[in-house]
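J.: You'll find start.cif just under this line, and it carries mmCIF, C-alpha atoms.
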```cif
data_work
loop_
_atom_site.group_PDB
_atom_site.id
_atom_site.type_symbol
_atom_site.label_atom_id
_atom_site.label_comp_id
_atom_site.auth_asym_id
_atom_site.auth_seq_id
_atom_site.Cartn_x
_atom_site.Cartn_y
_atom_site.Cartn_z
ATOM 1 C CA MET A 1 33.212 208.412 49.865
ATOM 2 C CA THR A 2 29.805 209.950 49.266
ATOM 3 C CA ALA A 3 28.123 207.788 51.898
ATOM 4 C CA ALA A 4 30.850 208.566 54.431
ATOM 5 C CA ASN A 5 30.376 212.289 53.794
ATOM 6 C CA TRP A 6 26.578 212.268 53.697
ATOM 7 C CA PRO A 7 26.254 215.970 54.681
ATOM 8 C CA THR A 8 27.545 216.835 51.208
ATOM 9 C CA VAL A 9 24.517 215.053 49.722
ATOM 10 C CA ALA A 10 22.177 217.161 51.842
ATOM 11 C CA ILE A 11 24.041 220.354 50.921
ATOM 12 C CA GLN A 12 23.965 219.480 47.233
ATOM 13 C CA PHE A 13 20.239 218.738 47.443
ATOM 14 C CA VAL A 14 19.481 222.030 49.191
ATOM 15 C CA ALA A 15 21.582 223.932 46.638
ATOM 16 C CA GLU A 16 19.850 222.277 43.683
ATOM 17 C CA THR A 17 16.417 222.901 45.208
ATOM 18 C CA THR A 18 17.320 226.550 45.808
ATOM 19 C CA PHE A 19 18.514 226.785 42.194
ATOM 20 C CA GLN A 20 15.189 225.490 40.912
ATOM 21 C CA VAL A 21 13.199 227.823 43.178
ATOM 22 C CA LEU A 22 15.212 230.890 42.150
ATOM 23 C CA VAL A 23 14.793 230.066 38.470
ATOM 24 C CA ALA A 24 11.071 229.333 38.918
ATOM 25 C CA ILE A 25 10.254 232.667 40.604
ATOM 26 C CA PRO A 26 10.446 234.917 37.485
ATOM 27 C CA ILE A 27 8.745 232.259 35.335
ATOM 28 C CA LEU A 28 5.793 231.814 37.683
ATOM 29 C CA GLY A 29 5.628 235.556 38.297
ATOM 30 C CA ALA A 30 5.406 236.255 34.581
ATOM 31 C CA ALA A 31 2.669 233.625 34.179
ATOM 32 C CA VAL A 32 0.610 235.160 36.991
ATOM 33 C CA LEU A 33 1.145 238.648 35.554
ATOM 34 C CA LEU A 34 -0.098 237.490 32.156
ATOM 35 C CA SER A 35 -3.220 235.996 33.692
ATOM 36 C CA VAL A 36 -3.993 239.194 35.629
ATOM 37 C CA VAL A 37 -3.121 241.840 33.028
ATOM 38 C CA VAL A 38 -3.721 240.140 29.692
ATOM 39 C CA GLY A 39 -6.328 237.649 30.837
ATOM 40 C CA ALA A 40 -4.442 234.528 29.814
ATOM 41 C CA ASP A 41 -5.534 231.185 31.206
ATOM 42 C CA LEU A 42 -3.246 230.523 34.183
ATOM 43 C CA THR A 43 -4.081 226.805 34.182
ATOM 44 C CA ASP A 44 -2.857 226.405 30.614
ATOM 45 C CA LEU A 45 0.298 228.418 31.302
ATOM 46 C CA LEU A 46 1.266 226.367 34.365
ATOM 47 C CA GLN A 47 0.970 222.952 32.716
ATOM 48 C CA GLY A 48 4.121 220.846 32.397
ATOM 49 C CA GLY A 49 7.585 221.545 33.731
ATOM 50 C CA LEU A 50 9.427 224.815 34.122
ATOM 51 C CA ARG A 51 10.766 224.623 30.568
ATOM 52 C CA ASP A 52 7.255 224.257 29.148
ATOM 53 C CA ILE A 53 5.931 227.078 31.331
ATOM 54 C CA ALA A 54 8.793 229.369 30.311
ATOM 55 C CA THR A 55 8.243 228.582 26.626
ATOM 56 C CA ARG A 56 4.516 229.283 26.760
ATOM 57 C CA THR A 57 5.039 232.445 28.831
ATOM 58 C CA ALA A 58 7.637 233.820 26.411
ATOM 59 C CA ALA A 59 5.413 232.948 23.442
ATOM 60 C CA ALA A 60 2.510 234.821 25.030
ATOM 61 C CA MET A 61 4.726 237.889 25.474
ATOM 62 C CA THR A 62 5.885 238.086 21.863
ATOM 63 C CA ALA A 63 3.243 240.730 21.144
ATOM 64 C CA GLU A 64 4.736 242.948 23.894
ATOM 65 C CA PRO A 65 8.494 243.372 23.262
ATOM 66 C CA VAL A 66 9.026 245.454 26.408
ATOM 67 C CA ALA A 67 7.404 242.824 28.614
ATOM 68 C CA LEU A 68 9.363 240.066 26.874
ATOM 69 C CA ALA A 69 12.647 241.939 27.378
ATOM 70 C CA SER A 70 11.805 242.568 31.051
ATOM 71 C CA PHE A 71 11.044 238.880 31.505
ATOM 72 C CA GLY A 72 14.368 237.987 29.869
ATOM 73 C CA VAL A 73 16.284 240.347 32.158
ATOM 74 C CA ALA A 74 14.548 239.040 35.288
ATOM 75 C CA PHE A 75 15.120 235.429 34.284
ATOM 76 C CA SER A 76 18.795 236.115 33.471
ATOM 77 C CA ILE A 77 19.378 237.740 36.872
ATOM 78 C CA ALA A 78 17.747 234.825 38.704
ATOM 79 C CA LEU A 79 19.668 232.278 36.628
ATOM 80 C CA ALA A 80 22.985 234.048 37.231
ATOM 81 C CA ALA A 81 22.401 234.257 40.991
ATOM 82 C CA ALA A 82 21.363 230.605 41.224
ATOM 83 C CA SER A 83 24.359 229.514 39.137
ATOM 84 C CA VAL A 84 26.801 231.461 41.323
ATOM 85 C CA LEU A 85 25.360 229.673 44.335
ATOM 86 C CA MET A 86 25.911 226.300 42.656
ATOM 87 C CA PHE A 87 29.510 227.205 41.773
ATOM 88 C CA LEU A 88 30.161 228.169 45.385
ATOM 89 C CA VAL A 89 28.674 224.994 46.840
ATOM 90 C CA LYS A 90 30.330 222.688 44.304
ATOM 91 C CA GLY A 91 33.778 223.872 45.327
ATOM 92 C CA GLY A 92 33.209 222.938 48.967
ATOM 93 C CA VAL A 93 31.682 219.573 48.070
ATOM 94 C CA LEU A 94 34.531 218.520 45.774
ATOM 95 C CA ASP A 95 37.126 219.711 48.288
ATOM 96 C CA VAL A 96 35.563 217.427 50.900
ATOM 97 C CA LEU A 97 35.551 214.481 48.477
ATOM 98 C CA LEU A 98 39.173 215.177 47.608
ATOM 99 C CA ALA A 99 40.154 215.120 51.281
ATOM 100 C CA ALA A 100 38.154 211.904 51.759
ATOM 101 C CA HIS A 101 39.968 210.211 48.877
ATOM 102 C CA ASP A 102 43.385 211.199 50.207
ATOM 103 C CA ALA A 103 42.543 210.113 53.761
ATOM 104 C CA ALA A 104 40.884 206.786 52.982
ATOM 105 C CA GLY A 105 43.297 205.395 50.403
ATOM 106 C CA ALA A 106 42.254 202.363 48.336
ATOM 107 C CA PHE A 107 39.452 201.319 50.689
ATOM 108 C CA GLU A 108 37.302 200.251 47.728
ATOM 109 C CA THR A 109 39.349 197.033 47.583
ATOM 110 C CA GLU A 110 38.244 196.077 51.108
ATOM 111 C CA PRO A 111 34.865 194.782 52.318
ATOM 112 C CA ILE A 112 32.396 197.614 52.805
ATOM 113 C CA SER A 113 31.739 198.203 56.501
ATOM 114 C CA ILE A 114 31.590 201.050 58.989
ATOM 115 C CA ASP A 115 35.237 200.527 59.935
ATOM 116 C CA THR A 116 36.523 200.643 56.359
ATOM 117 C CA ILE A 117 34.625 203.785 55.336
ATOM 118 C CA GLU A 118 35.215 205.624 58.621
ATOM 119 C CA PRO A 119 38.585 207.103 57.494
ATOM 120 C CA ALA A 120 36.796 208.654 54.516
ATOM 121 C CA ALA A 121 34.470 210.678 56.756
ATOM 122 C CA CYS A 122 36.232 214.016 56.338
ATOM 123 C CA PHE A 123 33.346 216.477 56.263
ATOM 124 C CA THR A 124 33.753 219.454 58.536
ATOM 125 C CA LEU A 125 32.189 222.852 58.147
ATOM 126 C CA PRO A 126 35.567 224.690 58.078
ATOM 127 C CA ARG A 127 36.865 222.360 55.349
ATOM 128 C CA PHE A 128 33.718 222.883 53.313
ATOM 129 C CA ILE A 129 33.928 226.668 53.658
ATOM 130 C CA ASN A 130 37.641 226.662 52.775
ATOM 131 C CA GLY A 131 36.876 224.634 49.663
ATOM 132 C CA CYS A 132 34.164 227.105 48.665
ATOM 133 C CA THR A 133 36.600 229.991 49.107
ATOM 134 C CA ARG A 134 39.520 228.318 47.341
ATOM 135 C CA LEU A 135 37.645 227.171 44.249
ATOM 136 C CA PHE A 136 34.970 229.824 43.842
ATOM 137 C CA ARG A 137 36.912 232.080 41.469
ATOM 138 C CA LEU A 138 38.090 229.135 39.353
ATOM 139 C CA TYR A 139 34.605 227.648 39.163
ATOM 140 C CA LEU A 140 33.096 231.030 38.339
ATOM 141 C CA GLY A 141 35.336 231.342 35.267
ATOM 142 C CA LEU A 142 34.550 227.747 34.314
ATOM 143 C CA GLY A 143 30.843 228.448 34.696
ATOM 144 C CA VAL A 144 31.070 231.455 32.391
ATOM 145 C CA ALA A 145 32.778 229.233 29.808
ATOM 146 C CA LEU A 146 29.983 226.671 30.240
ATOM 147 C CA PHE A 147 27.293 229.292 29.640
ATOM 148 C CA LEU A 148 29.117 230.494 26.534
ATOM 149 C CA ALA A 149 29.198 226.921 25.263
ATOM 150 C CA TYR A 150 25.464 226.598 25.956
ATOM 151 C CA ALA A 151 24.746 229.887 24.184
ATOM 152 C CA ALA A 152 26.808 228.891 21.131
ATOM 153 C CA THR A 153 25.082 225.497 21.039
ATOM 154 C CA ALA A 154 21.630 227.071 21.278
ATOM 155 C CA GLY A 155 22.476 229.578 18.540
ATOM 156 C CA LEU A 156 23.757 226.887 16.200
ATOM 157 C CA TYR A 157 20.758 224.668 16.863
ATOM 158 C CA VAL A 158 18.240 227.460 16.236
ATOM 159 C CA ALA A 159 20.091 228.500 13.083
ATOM 160 C CA PHE A 160 20.108 224.917 11.857
ATOM 161 C CA VAL A 161 16.384 224.494 12.521
ATOM 162 C CA VAL A 162 15.359 227.819 10.939
ATOM 163 C CA TYR A 163 17.643 227.949 7.917
ATOM 164 C CA GLY A 164 17.626 224.198 7.437
ATOM 165 C CA TYR A 165 13.854 224.188 7.306
ATOM 166 C CA ARG A 166 13.853 226.988 4.760
ATOM 167 C CA ALA A 167 16.495 225.300 2.615
ATOM 168 C CA ALA A 168 14.849 221.877 2.789
ATOM 169 C CA SER A 169 11.283 223.054 2.189
ATOM 170 C CA GLY A 170 10.159 221.683 -1.131
ATOM 171 C CA VAL A 171 13.153 219.349 -1.376
ATOM 172 C CA ILE A 172 12.182 216.714 1.159
ATOM 173 C CA GLY A 173 8.757 215.945 2.540
ATOM 174 C CA VAL A 174 7.278 216.240 5.995
ATOM 175 C CA VAL A 175 8.513 212.778 6.962
ATOM 176 C CA GLY A 176 12.054 213.673 5.934
ATOM 177 C CA MET A 177 11.943 216.921 7.900
ATOM 178 C CA THR A 178 10.676 215.051 10.953
ATOM 179 C CA PHE A 179 13.504 212.541 10.654
ATOM 180 C CA VAL A 180 16.112 215.293 10.302
ATOM 181 C CA ALA A 181 14.655 217.142 13.308
ATOM 182 C CA ALA A 182 14.795 213.955 15.386
ATOM 183 C CA ILE A 183 18.429 213.346 14.417
ATOM 184 C CA ALA A 184 19.290 216.962 15.263
ATOM 185 C CA ALA A 185 17.608 216.599 18.678
ATOM 186 C CA VAL A 186 19.571 213.415 19.423
ATOM 187 C CA VAL A 187 22.849 215.076 18.385
ATOM 188 C CA LEU A 188 22.002 218.046 20.612
ATOM 189 C CA ILE A 189 21.359 215.804 23.629
ATOM 190 C CA VAL A 190 24.587 213.868 23.087
ATOM 191 C CA TRP A 191 26.570 217.093 22.672
ATOM 192 C CA ILE A 192 25.118 218.656 25.856
ATOM 193 C CA THR A 193 25.899 215.435 27.742
ATOM 194 C CA LEU A 194 29.516 215.519 26.563
ATOM 195 C CA VAL A 195 29.828 219.212 27.475
ATOM 196 C CA ASN A 196 28.527 218.520 30.992
ATOM 197 C CA PHE A 197 30.870 215.536 31.302
ATOM 198 C CA VAL A 198 33.914 217.621 30.369
ATOM 199 C CA TYR A 199 32.670 220.357 32.699
ATOM 200 C CA LEU A 200 32.612 217.919 35.639
ATOM 201 C CA LEU A 201 36.076 216.581 34.805
ATOM 202 C CA MET A 202 37.446 220.119 34.650
ATOM 203 C CA GLN A 203 35.935 220.839 38.055
ATOM 204 C CA ILE A 204 37.724 217.777 39.415
ATOM 205 C CA SER A 205 40.994 218.809 37.770
ATOM 206 C CA MET A 206 40.770 222.323 39.208
ATOM 207 C CA ALA A 207 40.001 220.981 42.681
ATOM 208 C CA ALA A 208 42.737 218.346 42.638
ATOM 209 C CA ASP A 209 45.592 220.380 41.109
ATOM 210 C CA ASN A 210 44.421 223.990 41.568
ATOM 211 C CA LEU A 211 44.714 224.622 37.813
ATOM 212 C CA GLY A 212 43.435 227.438 35.670
ATOM 213 C CA LEU A 213 40.965 227.068 32.834
ATOM 214 C CA GLY A 214 43.434 226.288 30.036
ATOM 215 C CA ASP A 215 45.657 223.989 32.106
ATOM 216 C CA ALA A 216 42.620 222.140 33.439
ATOM 217 C CA PHE A 217 41.356 221.504 29.915
ATOM 218 C CA ARG A 218 44.732 220.105 28.834
ATOM 219 C CA ALA A 219 44.865 217.946 31.956
ATOM 220 C CA VAL A 220 41.380 216.596 31.238
ATOM 221 C CA VAL A 221 42.324 215.762 27.642
ATOM 222 C CA GLY A 222 45.326 213.783 28.881
ATOM 223 C CA PHE A 223 43.227 212.118 31.561
ATOM 224 C CA VAL A 224 40.579 211.006 29.053
ATOM 225 C CA ARG A 225 43.254 209.599 26.736
ATOM 226 C CA ALA A 226 44.875 207.640 29.570
ATOM 227 C CA GLU A 227 41.654 206.327 31.130
ATOM 228 C CA PHE A 228 39.197 206.306 28.233
ATOM 229 C CA ARG A 229 38.023 202.721 28.655
ATOM 230 C CA VAL A 230 37.471 202.908 32.411
ATOM 231 C CA LEU A 231 35.883 206.342 32.126
ATOM 232 C CA ALA A 232 33.445 205.020 29.534
ATOM 233 C CA GLN A 233 32.516 202.108 31.794
ATOM 234 C CA VAL A 234 31.929 204.354 34.812
ATOM 235 C CA PHE A 235 29.957 206.791 32.644
ATOM 236 C CA LEU A 236 27.658 204.010 31.412
ATOM 237 C CA VAL A 237 27.127 202.721 34.962
ATOM 238 C CA ILE A 238 26.218 206.208 36.225
ATOM 239 C CA LEU A 239 23.955 206.759 33.207
ATOM 240 C CA GLY A 240 22.186 203.479 33.925
ATOM 241 C CA LEU A 241 21.674 204.478 37.561
ATOM 242 C CA GLU A 242 20.224 207.841 36.541
ATOM 243 C CA VAL A 243 17.884 206.270 33.991
ATOM 244 C CA GLY A 244 16.753 203.673 36.537
ATOM 245 C CA ALA A 245 16.189 206.317 39.207
ATOM 246 C CA THR A 246 14.225 208.418 36.722
ATOM 247 C CA LEU A 247 11.972 205.481 35.805
ATOM 248 C CA VAL A 248 11.390 204.557 39.442
ATOM 249 C CA SER A 249 10.567 208.142 40.402
ATOM 250 C CA ALA A 250 8.216 208.498 37.420
ATOM 251 C CA LEU A 251 6.454 205.254 38.370
ATOM 252 C CA ALA A 252 6.094 206.344 42.000
ATOM 253 C CA TRP A 253 4.856 209.795 41.000
ATOM 254 C CA SER A 254 2.263 208.350 38.595
ATOM 255 C CA GLY A 255 1.028 206.019 41.356
ATOM 256 C CA LEU A 256 0.617 208.936 43.734
ATOM 257 C CA GLY A 257 -1.166 210.862 41.003
ATOM 258 C CA LEU A 258 -3.767 208.096 40.658
ATOM 259 C CA ILE A 259 -4.385 208.091 44.411
ATOM 260 C CA ALA A 260 -4.829 211.876 44.371
ATOM 261 C CA PHE A 261 -8.131 211.483 42.447
ATOM 262 C CA VAL A 262 -9.695 209.462 45.299
ATOM 263 C CA PRO A 263 -11.946 211.700 47.456
ATOM 264 C CA LEU A 264 -10.629 212.486 50.953
ATOM 265 C CA VAL A 265 -7.685 210.129 50.471
ATOM 266 C CA GLY A 266 -6.239 212.555 47.922
ATOM 267 C CA VAL A 267 -5.557 215.081 50.689
ATOM 268 C CA ALA A 268 -3.126 212.649 52.313
ATOM 269 C CA VAL A 269 -1.209 212.365 49.044
ATOM 270 C CA VAL A 270 0.257 215.868 49.350
ATOM 271 C CA PRO A 271 2.735 214.950 52.148
ATOM 272 C CA LEU A 272 3.593 211.782 50.251
ATOM 273 C CA GLN A 273 4.293 213.802 47.105
ATOM 274 C CA ILE A 274 6.541 216.179 49.056
ATOM 275 C CA MET A 275 8.357 213.200 50.579
ATOM 276 C CA ALA A 276 8.740 211.640 47.128
ATOM 277 C CA LEU A 277 10.265 214.862 45.781
ATOM 278 C CA VAL A 278 12.725 214.996 48.696
ATOM 279 C CA VAL A 279 13.726 211.338 48.272
ATOM 280 C CA ARG A 280 14.102 211.838 44.519
ATOM 281 C CA GLY A 281 16.282 214.911 45.017
ATOM 282 C CA LEU A 282 18.483 213.187 47.573
ATOM 283 C CA ALA A 283 18.834 210.115 45.343
ATOM 284 C CA PHE A 284 19.929 212.136 42.315
ATOM 285 C CA ALA A 285 22.293 214.237 44.444
ATOM 286 C CA TYR A 286 23.841 211.035 45.803
ATOM 287 C CA ILE A 287 24.247 209.568 42.305
ATOM 288 C CA GLY A 288 25.824 212.788 41.032
ATOM 289 C CA LEU A 289 28.318 213.009 43.888
ATOM 290 C CA SER A 290 29.102 209.291 43.560
ATOM 291 C CA ALA A 291 29.954 209.912 39.912
ATOM 292 C CA ALA A 292 32.181 212.829 40.902
ATOM 293 C CA GLY A 293 33.901 210.650 43.517
ATOM 294 C CA SER A 294 34.487 207.884 40.973
ATOM 295 C CA TYR A 295 36.024 210.243 38.422
ATOM 296 C CA LEU A 296 38.080 211.859 41.171
ATOM 297 C CA SER A 297 39.492 208.476 42.225
ATOM 298 C CA LEU A 298 40.470 207.711 38.641
ATOM 299 C CA TYR A 299 41.988 211.154 38.219
ATOM 300 C CA ARG A 300 44.133 210.793 41.331
ATOM 301 C CA ARG A 301 45.164 207.272 40.398
ATOM 302 C CA GLU A 302 47.042 208.137 37.195
ATOM 303 C CA PRO A 303 49.421 211.046 36.491
ATOM 304 C CA ARG A 304 47.856 213.667 34.275
ATOM 305 C CA ALA A 305 49.207 214.585 30.872
ATOM 306 C CA LEU A 306 49.993 218.076 32.125
ATOM 307 C CA VAL A 307 52.244 216.721 34.865
ATOM 308 C CA ARG A 308 54.000 214.395 32.452
ATOM 309 C CA THR A 309 54.490 217.234 29.974
ATOM 310 C CA SER A 310 55.954 219.450 32.687
ATOM 311 C CA ALA A 311 58.373 216.708 33.700
ATOM 312 C CA VAL A 312 59.475 216.203 30.109
ATOM 313 C CA MET A 313 60.027 219.917 29.613
ATOM 314 C CA ALA A 314 61.985 220.125 32.850
ATOM 315 C CA GLN A 315 64.160 217.228 31.709
ATOM 316 C CA ARG A 316 64.843 218.929 28.378
ATOM 317 C CA LEU A 317 65.691 222.256 29.994
ATOM 318 C CA ARG A 318 68.035 220.731 32.582
ATOM 319 C CA PRO A 319 71.601 222.035 32.050
ATOM 320 C CA PRO A 320 74.205 219.459 31.004
ATOM 321 C CA GLU A 321 76.386 220.312 34.042
ATOM 322 C CA SER A 322 73.931 218.499 36.280
ATOM 323 C CA ASP A 323 74.668 215.206 34.504
ATOM 324 C CA SER A 324 78.429 215.615 34.963
ATOM 325 C CA VAL A 325 78.040 216.450 38.621
ATOM 326 C CA THR A 326 75.863 213.371 39.062
ATOM 327 C CA HIS A 327 78.465 211.148 37.419
#
```
Give the structure from the file, written as structure tokens.
T.:
Amino acid sequence: MTAANWPTVAIQFVAETTFQVLVAIPILGAAVLLSVVVGADLTDLLQGGLRDIATRTAAAMTAEPVALASFGVAFSIALAAASVLMFLVKGGVLDVLLAAHDAAGAFETEPISIDTIEPAACFTLPRFINGCTRLFRLYLGLGVALFLAYAATAGLYVAFVVYGYRAASGVIGVVGMTFVAAIAAVVLIVWITLVNFVYLLMQISMAADNLGLGDAFRAVVGFVRAEFRVLAQVFLVILGLEVGATLVSALAWSGLGLIAFVPLVGVAVVPLQIMALVVRGLAFAYIGLSAAGSYLSLYRREPRALVRTSAVMAQRLRPPESDSVTH
């Protein structure tokens, strides 16, 4: 379905790139401002990824609370705007995939060819825009819930690190503290992965059944119970693809980095690096949308727990006269 609707991959890639640029603007601006006003070393501030740059920039601003608060406000505004854009685009993308699944049927059981995937090519600009309009409000509420979950997770993690370190100081040694910190980091990564997984399933549930936040969560719980084994298998396959793509991109990027040190030839590496970033972004966008399409197919294949519960409740509330009339 993702290959048949390839424009969604390009749209997702452009949206994710725009998200990263919008988030990077206040971070890079704060780093440049520190180098000009305070005299900080810009080279040291700009080393690493955006997360490292943001951490070092915020640490350098701790002596100036007003500047730190201004940086936090600017970063929050950019993050909110970029997130709203992602919510808007995701609705149109999932609506297209939903239409492709309904139009193509069980074409995954047939040999893959142009003729078999042609019915799944359902991307049109009006359909994409209608999906953005239909799901934007639902996805906005879901996004707010996701940010609250992130904030609660970050607060609990910081509290655990700070108060746990104070409580454990003098009780266990440095090696024990390092081991506990590593375990806490692993638990945090697993928890964030599960939160993102549930977030994606709730997006699919909202798109497929036009449900609210609470009903979508109950539908996802029933869906996971009914399809736990298959969901776990698909999740592991997608995780393996993402890990493999990450390793390949890291290997390619390191190879280009070695060529960049060669005189004169290093100038030609810049277009290659830009091309590598584009290919990497498109590959990860394709993998992400393929995962969404797989979960969507499973979700549409089995009745959700919410639907079954509604049917049971309707059966219980049916008046007894209907049975006599039927007989």
J.: Between CA of Phe147 (chain A) and CA of Leu188 (chain A), what distance in Å does the model show, to one decimal?
T.: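 Between these atoms lies a distance of 15.4 Å.
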J.: Please tell me which residues are no farther than 12 Å from (3.2, 236.2, 23.8) in the file, counting only C-alpha atoms, and write them as JSON, numbers by chain.
T.: {"A": [30, 31, 34, 35, 38, 39, 40, 45, 54, 55, 56, 57, 58, 59, 60, 61, 62, 63, 64, 65, 66, 67, 68, 69, 71]}
J.: Specify as a short mmCIF file (atom, residue, chain, number, x, y, z; two decimals) with C-alpha atoms, keeping the file's coordinate frame each residue included when the PyMOL selection byres ((chain A and resi 89-101) around 7) is applied to this file.
T.:
```cif
data_model
loop_
_atom_site.label_atom_id
_atom_site.label_comp_id
_atom_site.auth_asym_id
_atom_site.auth_seq_id
_atom_site.Cartn_x
_atom_site.Cartn_y
_atom_site.Cartn_z
CA MET A 1 33.21 208.41 49.86
CA THR A 8 27.54 216.84 51.21
CA LEU A 85 25.36 229.67 44.34
CA MET A 86 25.91 226.30 42.66
CA PHE A 87 29.51 227.20 41.77
CA LEU A 88 30.16 228.17 45.38
CA ASP A 102 43.38 211.20 50.21
CA ALA A 103 42.54 210.11 53.76
CA ALA A 104 40.88 206.79 52.98
CA GLY A 105 43.30 205.40 50.40
CA ALA A 120 36.80 208.65 54.52
CA ALA A 121 34.47 210.68 56.76
CA CYS A 122 36.23 214.02 56.34
CA PHE A 123 33.35 216.48 56.26
CA ARG A 127 36.86 222.36 55.35
CA PHE A 128 33.72 222.88 53.31
CA ILE A 129 33.93 226.67 53.66
CA ASN A 130 37.64 226.66 52.78
CA GLY A 131 36.88 224.63 49.66
CA CYS A 132 34.16 227.10 48.66
CA LEU A 135 37.65 227.17 44.25
CA PHE A 136 34.97 229.82 43.84
CA ALA A 207 40.00 220.98 42.68
CA ALA A 208 42.74 218.35 42.64
CA GLY A 293 33.90 210.65 43.52
CA SER A 297 39.49 208.48 42.22
#
```
J.: At what distance in Å, to one decimal, does CA of Val230 (chain A) lie from CA of Val187 (chain A)?
T.: 23.6 Å
J.: CA of Thr193 (chain A) to CA of Leu211 (chain A): how many Å, to one decimal?
T.: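 Pair CA of Thr193 (chain A) / CA of Leu211 (chain A) returns 23.2 Å.
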J.: Mind telling me what the PyMOL selection byres ((chain A and resi 284) around 12) catches here, as an NGL selection string?
T.: :A and (9-10 or 12-13 or 16-17 or 238-239 or 241-246 or 248-249 or 277-283 or 285-291)
